[in-house]
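Here the structure comes first, spelled out in structure tokens, and everything after it is commentary.
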Amino acid sequence: MKKPWITVGAALAAVVLIGSVAGTVAVAQSGAPAPADPDSNAAVAASVADLDRAGSFSLAETEATAAIDDSRVVAVAPEADTRVPVTLDVSSIEQYWLWASGVGVTAHGLTPGAEVEIGIVFASGATFHWAPVTADADGNVDTRVRTLDVDPENTRPETGLAQITVSSSAGEAGSALLRVTSTSDALTVSSDPTTISQDAFLDAPVTIHVSGLTPMTKVFFNLGMPDSTMYAVGENEGLHSDEKGDFSYALQMNSVNAQVGTWTLSFMSADQGQSGSATFEVTAGAPRVADKKVTPASPEISLADFVAEPGMRFSLEGFLPFDTYELLLTTSRGYTASLGISRTNGEGRHSNAITSPDGIPEGVYTVSARSTTTGDYASGTFRVTGNPTAPASEISLSTSTVTADALADPSAGVVVRGQDITPGTSFRVSLRNTAWERQPLLVGADAYATVGEDGVLSLPLVTLQTISAGSYTVWIEGGGGAAAYNVHLPLEVTAAPAAAPETSPTPEARLAPVERAPAVPQPSPDASQTPAPAPSPSTSPTPTPDPFEEDAPTPALPVPTLPTR
């Protein structure tokens, strides 16, 4: 789900600085550009003008089917009443590009307006499905799919013949064959250091080293961040290997608030398609505390006033003299807009104002500010009224605690419920552990639902297999722009209750008649395809509520966890 960028109302919007011999590239901390593609001319880092989209918040001050030889059919197409033609933009693709960029899928002869599901079946039988799309008025579907978006483990796609399947809610179906070829891992990628704290990352870079490249070839890489955001680097910077085929790059933060967790580096060369990957870890810095103050000018504001300048004024205090701070605004639906970086005066104070786009939902909004030098923060809230057509909505879980067995039982599970939802909104829901790794669901990597005219959301979540007990987050996102939904709901998964010890019946005891067949354990997928999530500490660096950690900008893409064969 691609979400529009939010305007950054400060001259310096970047929080990640990527340095090279040719200079530095600023990468904003919201949104997710597509992974690097040597054939693409798309810009890597969005400028302020690129970020300026309709429907954005702003600050008042700028300070701040092909025949394949020797092939075999690996799976039959979905059963259907009507067959439809399906074509792909390529008949063969390398593993890396199926993962990173995907293939274009076109289908004709569908019922106009029908919901269409596209899937891929590999030779082993492993199957993934993408978010449903809607056939246009002519009964056509033209879209692009990639495994990065649906494989919870982001493993390297299987080589061999695979099948792309298309099926619609009207009973139509078709398929096309795709050959997946291997990608050479000729590159050796490493980072120095391999682990760095948030505080140290502000003062020193992580230097990335790559060897095995063709001398003087163009280099691209994808930077995957812990919150699932990804950035493509190298499209326009003119990055090249040296005369020995080596490449180095310095990555450094200009804020102490670097995301905690695993950062992924996935490299690709332009000439021979060489690839390689590595990761490094960012650990929590010193404890962060809410020792500052953000005060909105009024506890309530009408939408009409919020849209018109000056909008909602606010003041900050308690910061260091001439400190810089990151500013975020979180809507009543959980959507977080980054408003950039600004600076306090010599007394550690500042005042500014936020204006909103028209049509935003009612409810409570939170404005948060965090120091870029200490990480300490403050937040304040206010209520927006005067737009009954866009209510705040209510989204919750049927239960906040469930046993692992029940969560893997199709007759039980957990239901995501919502009301007063904007009709027609499509949601993607995923289950994440404390390391923000997706847990495979019975319906695929993520679950999808589109809300009808009644404004009610009801989506069951069932895991593919029994997962470990622990704390999880149900992440629900849908819609677009400032009226989007981005909800994080905690879910505690407990271990299955221990079975009672068996006892031998005595002569006086009678066995009760069997009224229900015993439950059949669900099959577990191959561990190499879906390994059990490793235990990981909470991502929150402190026990105090952290608005920046809990309300991080919406990730649009899953982070690749070092694609493996």
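Just remember, in the structure tokens the first chain shown is A, the second B, etc., residues are 1-based per chain, and ligands are 1-based in the order shown.
Running DSSP on the backbone and keeping only strand (DSSP E), the residues of range 205-253 of chain A that qualify are Val206, Thr207, Ile208, His209, Val210, Ser211, Val219, Phe220, Phe221, Asn222, Leu223, Gly224, Met230, Tyr231, Ala232, Val233, Phe247, Ser248, Tyr249, Ala250, Leu251, Gln252 and Met253 of chain A.
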Which residues, written as an mmCIF file with N, CA and C atoms, in the first residue's frame, have at least one atom at most 8 Å from Glu158 in chain A, with only C-alpha atoms counted and residues fewer than 3 positions away on the same chain left out?
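Once everything was written out, this is selection.cif:
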```
data_model
loop_
_atom_site.group_PDB
_atom_site.id
_atom_site.type_symbol
_atom_site.label_atom_id
_atom_site.label_comp_id
_atom_site.auth_asym_id
_atom_site.auth_seq_id
_atom_site.Cartn_x
_atom_site.Cartn_y
_atom_site.Cartn_z
ATOM 1 N N GLN A 95 15.876 -13.974 -8.994
ATOM 2 C CA GLN A 95 15.330 -14.010 -7.638
ATOM 3 C C GLN A 95 15.281 -12.618 -7.006
ATOM 4 N N PHE A 122 5.008 -21.649 -6.001
ATOM 5 C CA PHE A 122 6.346 -22.096 -6.377
ATOM 6 C C PHE A 122 6.365 -23.613 -6.559
ATOM 7 N N ALA A 123 7.473 -24.135 -7.091
ATOM 8 C CA ALA A 123 7.583 -25.554 -7.381
ATOM 9 C C ALA A 123 7.400 -26.421 -6.141
ATOM 10 N N VAL A 180 11.869 -18.483 -12.527
ATOM 11 C CA VAL A 180 12.680 -17.723 -11.583
ATOM 12 C C VAL A 180 14.110 -18.248 -11.642
ATOM 13 N N ARG A 565 18.685 -18.192 0.513
ATOM 14 C CA ARG A 565 18.158 -19.186 -0.424
ATOM 15 C C ARG A 565 17.122 -20.056 0.249
#
```
Which residues of range 279-357 of chain A sit at most 12 Å from range 475-491 of chain A, using only C-alpha atoms? Give each one's shortest atom pair and distance in Å (one decimal place), in chain and ascending residue order, as CSV.
```
residue,atom,partner,partner_atom,distance
A:Leu329,CA,A:Ala482,CA,10.1
A:Thr330,CA,A:Ala482,CA,9.3
A:Thr331,CA,A:Ala482,CA,7.6
A:Ser332,CA,A:Tyr485,CA,8.7
A:Arg333,CA,A:Tyr485,CA,5.0
A:Gly334,CA,A:Asn486,CA,4.7
A:Tyr335,CA,A:Asn486,CA,4.9
A:Thr336,CA,A:Asn486,CA,7.9
A:Ala337,CA,A:Ala482,CA,7.6
A:Ser338,CA,A:Ala482,CA,11.1
A:Thr355,CA,A:Ala482,CA,11.8
A:Ser356,CA,A:Ala482,CA,8.4
A:Pro357,CA,A:Ala482,CA,7.5
```
- Item | Among the residues A:Asn433, A:Thr425, A:Thr389, A:Thr127, the one that comes closest to Ala469 in chain A [using only C-alpha atoms] |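 For Ala469 in chain A, the nearest of the candidates is A:Asn433.
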Residues of range 317-389 of chain A at most 12 Å from range 186-200 of chain A: nearest atom pair and distance in Å, only C-alpha atoms, as a tab-separated table:
```
residue	atom	partner	partner_atom	distance
A:Thr372	CA	A:Asp199	CA	9.9
A:Thr373	CA	A:Asp199	CA	8.3
A:Thr374	CA	A:Asp199	CA	8.2
A:Gly375	CA	A:Asp199	CA	8.9
```
Preceding selection exported with N, CA and C atoms as a PDB file, in the first residue's frame:
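File written: part.pdb
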```pdb
ATOM      1  N   THR A 372      16.807  16.334  19.321  1.00  0.00           N
ATOM      2  CA  THR A 372      17.711  15.537  18.486  1.00  0.00           C
ATOM      3  C   THR A 372      19.052  15.303  19.164  1.00  0.00           C
ATOM      4  N   THR A 373      19.314  15.987  20.263  1.00  0.00           N
ATOM      5  CA  THR A 373      20.597  15.822  20.954  1.00  0.00           C
ATOM      6  C   THR A 373      20.511  14.932  22.188  1.00  0.00           C
ATOM      7  N   THR A 374      19.365  14.906  22.849  1.00  0.00           N
ATOM      8  CA  THR A 374      19.215  14.074  24.044  1.00  0.00           C
ATOM      9  C   THR A 374      18.176  12.977  23.892  1.00  0.00           C
ATOM     10  N   GLY A 375      17.239  13.137  22.978  1.00  0.00           N
ATOM     11  CA  GLY A 375      16.159  12.165  22.822  1.00  0.00           C
ATOM     12  C   GLY A 375      15.016  12.373  23.782  1.00  0.00           C
TER      13      GLY A 375
END
```
Name all residues at most 10 Å from range 393-406 of chain A (count only C-alpha atoms; drop same-chain ones fewer than 5 positions away) and give them as a short mmCIF file (atom, residue, chain, number, x, y, z; two decimals) with N, CA, C and O atoms, in the first residue's frame.
```cif
data_model
loop_
_atom_site.label_atom_id
_atom_site.label_comp_id
_atom_site.auth_asym_id
_atom_site.auth_seq_id
_atom_site.Cartn_x
_atom_site.Cartn_y
_atom_site.Cartn_z
N SER A 332 -6.30 11.24 15.15
CA SER A 332 -7.17 10.39 15.97
C SER A 332 -7.23 8.97 15.44
O SER A 332 -7.67 8.07 16.16
N ARG A 333 -6.84 8.74 14.20
CA ARG A 333 -6.84 7.40 13.61
C ARG A 333 -5.47 6.74 13.69
O ARG A 333 -5.24 5.70 13.10
N PRO A 361 -10.17 13.57 10.04
CA PRO A 361 -11.16 13.03 10.98
C PRO A 361 -11.21 13.82 12.29
O PRO A 361 -10.25 14.48 12.69
N GLU A 362 -12.34 13.72 12.93
CA GLU A 362 -12.49 14.32 14.26
C GLU A 362 -11.73 13.48 15.28
O GLU A 362 -11.24 12.40 14.98
N GLY A 363 -11.64 14.01 16.49
CA GLY A 363 -11.04 13.25 17.57
C GLY A 363 -9.82 13.92 18.16
O GLY A 363 -9.52 15.08 17.87
N SER A 411 -11.39 -21.74 14.00
CA SER A 411 -12.69 -21.52 14.63
C SER A 411 -12.60 -20.54 15.80
O SER A 411 -13.61 -20.17 16.37
N ALA A 412 -11.39 -20.11 16.12
CA ALA A 412 -11.20 -19.19 17.24
C ALA A 412 -10.49 -17.94 16.74
O ALA A 412 -11.08 -17.08 16.12
N GLY A 413 -9.19 -17.88 16.97
CA GLY A 413 -8.44 -16.72 16.52
C GLY A 413 -8.80 -15.46 17.27
O GLY A 413 -9.39 -15.48 18.34
N VAL A 414 -8.44 -14.34 16.66
CA VAL A 414 -8.75 -13.01 17.19
C VAL A 414 -9.39 -12.20 16.08
O VAL A 414 -8.95 -12.27 14.93
N VAL A 415 -10.42 -11.44 16.40
CA VAL A 415 -11.13 -10.66 15.39
C VAL A 415 -10.80 -9.18 15.55
O VAL A 415 -10.88 -8.63 16.65
N VAL A 416 -10.40 -8.56 14.45
CA VAL A 416 -10.21 -7.11 14.43
C VAL A 416 -11.56 -6.49 14.13
O VAL A 416 -12.16 -6.76 13.08
N ARG A 417 -12.05 -5.65 15.03
CA ARG A 417 -13.37 -5.06 14.89
C ARG A 417 -13.28 -3.55 14.78
O ARG A 417 -12.42 -2.91 15.39
N GLY A 418 -14.16 -2.99 13.99
CA GLY A 418 -14.19 -1.54 13.86
C GLY A 418 -15.56 -1.05 13.47
O GLY A 418 -16.35 -1.77 12.86
N GLN A 419 -15.86 0.18 13.83
CA GLN A 419 -17.11 0.80 13.45
C GLN A 419 -16.87 2.27 13.14
O GLN A 419 -15.83 2.82 13.50
N ASP A 420 -17.83 2.87 12.45
CA ASP A 420 -17.68 4.25 11.99
C ASP A 420 -16.47 4.41 11.08
O ASP A 420 -15.81 5.46 11.07
N ILE A 421 -16.16 3.37 10.31
CA ILE A 421 -15.04 3.40 9.37
C ILE A 421 -15.52 4.01 8.06
O ILE A 421 -16.66 3.81 7.65
N THR A 422 -14.66 4.76 7.40
CA THR A 422 -15.01 5.32 6.10
C THR A 422 -15.30 4.19 5.12
O THR A 422 -14.43 3.34 4.89
N GLY A 455 -19.85 0.72 7.22
CA GLY A 455 -18.75 1.25 8.01
C GLY A 455 -18.23 0.32 9.07
O GLY A 455 -17.55 0.76 10.00
N VAL A 456 -18.51 -0.98 8.94
CA VAL A 456 -18.11 -1.95 9.95
C VAL A 456 -16.95 -2.80 9.44
O VAL A 456 -16.97 -3.28 8.30
N LEU A 457 -15.94 -3.00 10.26
CA LEU A 457 -14.81 -3.86 9.96
C LEU A 457 -14.86 -5.07 10.86
O LEU A 457 -15.00 -4.95 12.08
N SER A 458 -14.76 -6.26 10.27
CA SER A 458 -14.70 -7.50 11.03
C SER A 458 -13.76 -8.45 10.28
O SER A 458 -14.12 -8.99 9.25
N LEU A 459 -12.55 -8.62 10.81
CA LEU A 459 -11.52 -9.40 10.12
C LEU A 459 -10.87 -10.38 11.10
O LEU A 459 -10.20 -9.97 12.04
N PRO A 460 -11.07 -11.69 10.90
CA PRO A 460 -10.44 -12.67 11.80
C PRO A 460 -8.96 -12.84 11.49
O PRO A 460 -8.55 -12.82 10.33
N LEU A 461 -8.16 -12.97 12.53
CA LEU A 461 -6.73 -13.24 12.39
C LEU A 461 -6.45 -14.63 12.95
O LEU A 461 -6.75 -14.91 14.11
N VAL A 462 -5.88 -15.49 12.11
CA VAL A 462 -5.51 -16.85 12.51
C VAL A 462 -4.09 -17.10 12.04
O VAL A 462 -3.77 -16.88 10.87
N THR A 463 -3.21 -17.53 12.91
CA THR A 463 -1.83 -17.78 12.52
C THR A 463 -1.70 -19.10 11.77
O THR A 463 -2.48 -20.02 11.97
N GLN A 465 0.66 -21.25 12.02
CA GLN A 465 1.08 -22.28 12.95
C GLN A 465 1.07 -21.70 14.35
O GLN A 465 0.89 -20.50 14.54
N THR A 466 1.26 -22.55 15.34
CA THR A 466 1.27 -22.09 16.72
C THR A 466 2.52 -21.28 16.97
O THR A 466 3.64 -21.75 16.74
N ILE A 467 2.37 -20.05 17.41
CA ILE A 467 3.52 -19.18 17.65
C ILE A 467 3.90 -19.19 19.12
O ILE A 467 3.17 -19.70 19.97
N SER A 468 5.04 -18.63 19.42
CA SER A 468 5.54 -18.61 20.79
C SER A 468 4.71 -17.65 21.64
O SER A 468 4.20 -16.64 21.14
N ALA A 469 4.64 -17.94 22.91
CA ALA A 469 3.97 -17.03 23.83
C ALA A 469 4.78 -15.76 23.94
O ALA A 469 6.01 -15.76 23.82
N GLY A 470 4.10 -14.64 24.16
CA GLY A 470 4.80 -13.37 24.30
C GLY A 470 3.92 -12.19 23.94
O GLY A 470 2.72 -12.33 23.73
N SER A 471 4.54 -11.03 23.86
CA SER A 471 3.82 -9.79 23.52
C SER A 471 3.91 -9.54 22.02
O SER A 471 5.00 -9.57 21.45
N TYR A 472 2.78 -9.25 21.41
CA TYR A 472 2.71 -8.99 19.97
C TYR A 472 1.93 -7.70 19.74
O TYR A 472 1.26 -7.18 20.63
N VAL A 474 -0.80 -6.04 16.84
CA VAL A 474 -1.61 -6.14 15.63
C VAL A 474 -1.57 -4.77 14.98
O VAL A 474 -2.03 -3.78 15.56
N ILE A 476 -2.66 -2.30 12.06
CA ILE A 476 -3.78 -2.11 11.13
C ILE A 476 -3.58 -0.80 10.40
O ILE A 476 -3.49 0.26 11.03
N TYR A 485 -5.65 5.42 8.33
CA TYR A 485 -5.67 4.70 9.59
C TYR A 485 -4.31 4.04 9.80
O TYR A 485 -3.74 3.46 8.88
N VAL A 487 -3.14 1.94 13.14
CA VAL A 487 -3.46 1.58 14.52
C VAL A 487 -2.58 0.44 14.98
O VAL A 487 -2.38 -0.55 14.27
N HIS A 488 -2.02 0.57 16.19
CA HIS A 488 -1.21 -0.48 16.80
C HIS A 488 -1.95 -0.97 18.04
O HIS A 488 -2.13 -0.20 19.00
N LEU A 489 -2.35 -2.24 18.04
CA LEU A 489 -3.09 -2.80 19.17
C LEU A 489 -2.28 -3.92 19.81
O LEU A 489 -1.84 -4.85 19.12
N PRO A 490 -2.04 -3.87 21.13
CA PRO A 490 -1.25 -4.91 21.79
C PRO A 490 -2.04 -6.21 21.91
O PRO A 490 -3.26 -6.20 22.15
N LEU A 491 -1.35 -7.33 21.77
CA LEU A 491 -1.96 -8.65 21.92
C LEU A 491 -1.00 -9.54 22.70
O LEU A 491 0.15 -9.73 22.30
N GLU A 492 -1.47 -10.05 23.81
CA GLU A 492 -0.68 -10.97 24.61
C GLU A 492 -1.04 -12.40 24.23
O GLU A 492 -2.21 -12.79 24.31
N VAL A 493 -0.05 -13.17 23.84
CA VAL A 493 -0.25 -14.58 23.48
C VAL A 493 0.33 -15.44 24.59
O VAL A 493 1.52 -15.32 24.92
N THR A 494 -0.50 -16.25 25.17
CA THR A 494 -0.07 -17.10 26.28
C THR A 494 0.14 -18.52 25.79
O THR A 494 -0.37 -18.93 24.74
N ALA A 495 0.92 -19.26 26.56
CA ALA A 495 1.18 -20.65 26.21
C ALA A 495 -0.08 -21.48 26.37
O ALA A 495 -0.95 -21.16 27.19
N ALA A 496 -0.17 -22.55 25.60
CA ALA A 496 -1.32 -23.44 25.71
C ALA A 496 -1.33 -24.08 27.09
O ALA A 496 -0.28 -24.40 27.65
N PRO A 497 -2.50 -24.25 27.69
CA PRO A 497 -2.55 -24.86 29.03
C PRO A 497 -2.03 -26.28 29.00
O PRO A 497 -2.21 -27.01 28.02
N PRO A 521 -3.65 -31.66 14.79
CA PRO A 521 -2.66 -30.56 14.82
C PRO A 521 -2.45 -29.99 13.43
O PRO A 521 -2.42 -30.72 12.44
N GLN A 522 -2.31 -28.65 13.35
CA GLN A 522 -2.05 -28.01 12.07
C GLN A 522 -0.65 -28.32 11.60
O GLN A 522 0.28 -28.35 12.39
#
```
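Taking CA of Pro215 in chain A as the reference point, CA of Ala270 in chain A is found at 11.5 Å.
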- Query: If you run DSSP on this backbone, which residues of range 307-482 of chain A come out as alpha helix (DSSP H), and could you give them as a VMD selection string?
  - Reply: chain A and resid 307 404 to 407
Expected file contents, prior selection, all heavy atoms, as an mmCIF file, in the first residue's frame:
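Result file part_15.cif:
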```
data_model
loop_
_atom_site.group_PDB
_atom_site.id
_atom_site.type_symbol
_atom_site.label_atom_id
_atom_site.label_comp_id
_atom_site.auth_asym_id
_atom_site.auth_seq_id
_atom_site.Cartn_x
_atom_site.Cartn_y
_atom_site.Cartn_z
ATOM 1 N N VAL A 307 -8.032 24.338 9.372
ATOM 2 C CA VAL A 307 -7.652 24.440 7.961
ATOM 3 C C VAL A 307 -7.118 25.837 7.646
ATOM 4 O O VAL A 307 -6.183 26.000 6.857
ATOM 5 C CB VAL A 307 -8.855 24.100 7.064
ATOM 6 C CG1 VAL A 307 -8.558 24.405 5.608
ATOM 7 C CG2 VAL A 307 -9.233 22.632 7.231
ATOM 8 N N ALA A 404 -1.847 -19.420 22.413
ATOM 9 C CA ALA A 404 -1.222 -19.670 21.121
ATOM 10 C C ALA A 404 -2.017 -20.686 20.307
ATOM 11 O O ALA A 404 -2.142 -20.566 19.083
ATOM 12 C CB ALA A 404 0.211 -20.167 21.328
ATOM 13 N N ASP A 405 -2.582 -21.699 20.985
ATOM 14 C CA ASP A 405 -3.386 -22.704 20.289
ATOM 15 C C ASP A 405 -4.645 -22.087 19.699
ATOM 16 O O ASP A 405 -5.034 -22.382 18.561
ATOM 17 C CB ASP A 405 -3.762 -23.845 21.244
ATOM 18 C CG ASP A 405 -2.608 -24.802 21.495
ATOM 19 O OD1 ASP A 405 -1.568 -24.650 20.812
ATOM 20 O OD2 ASP A 405 -2.732 -25.678 22.369
ATOM 21 N N ALA A 406 -5.308 -21.245 20.475
ATOM 22 C CA ALA A 406 -6.544 -20.621 20.002
ATOM 23 C C ALA A 406 -6.263 -19.696 18.822
ATOM 24 O O ALA A 406 -7.055 -19.611 17.881
ATOM 25 C CB ALA A 406 -7.210 -19.850 21.135
ATOM 26 N N LEU A 407 -5.140 -19.013 18.862
ATOM 27 C CA LEU A 407 -4.804 -18.094 17.782
ATOM 28 C C LEU A 407 -4.534 -18.833 16.479
ATOM 29 O O LEU A 407 -4.686 -18.275 15.392
ATOM 30 C CB LEU A 407 -3.581 -17.265 18.178
ATOM 31 C CG LEU A 407 -3.233 -16.071 17.291
ATOM 32 C CD1 LEU A 407 -4.415 -15.105 17.176
ATOM 33 C CD2 LEU A 407 -2.003 -15.346 17.810
#
```
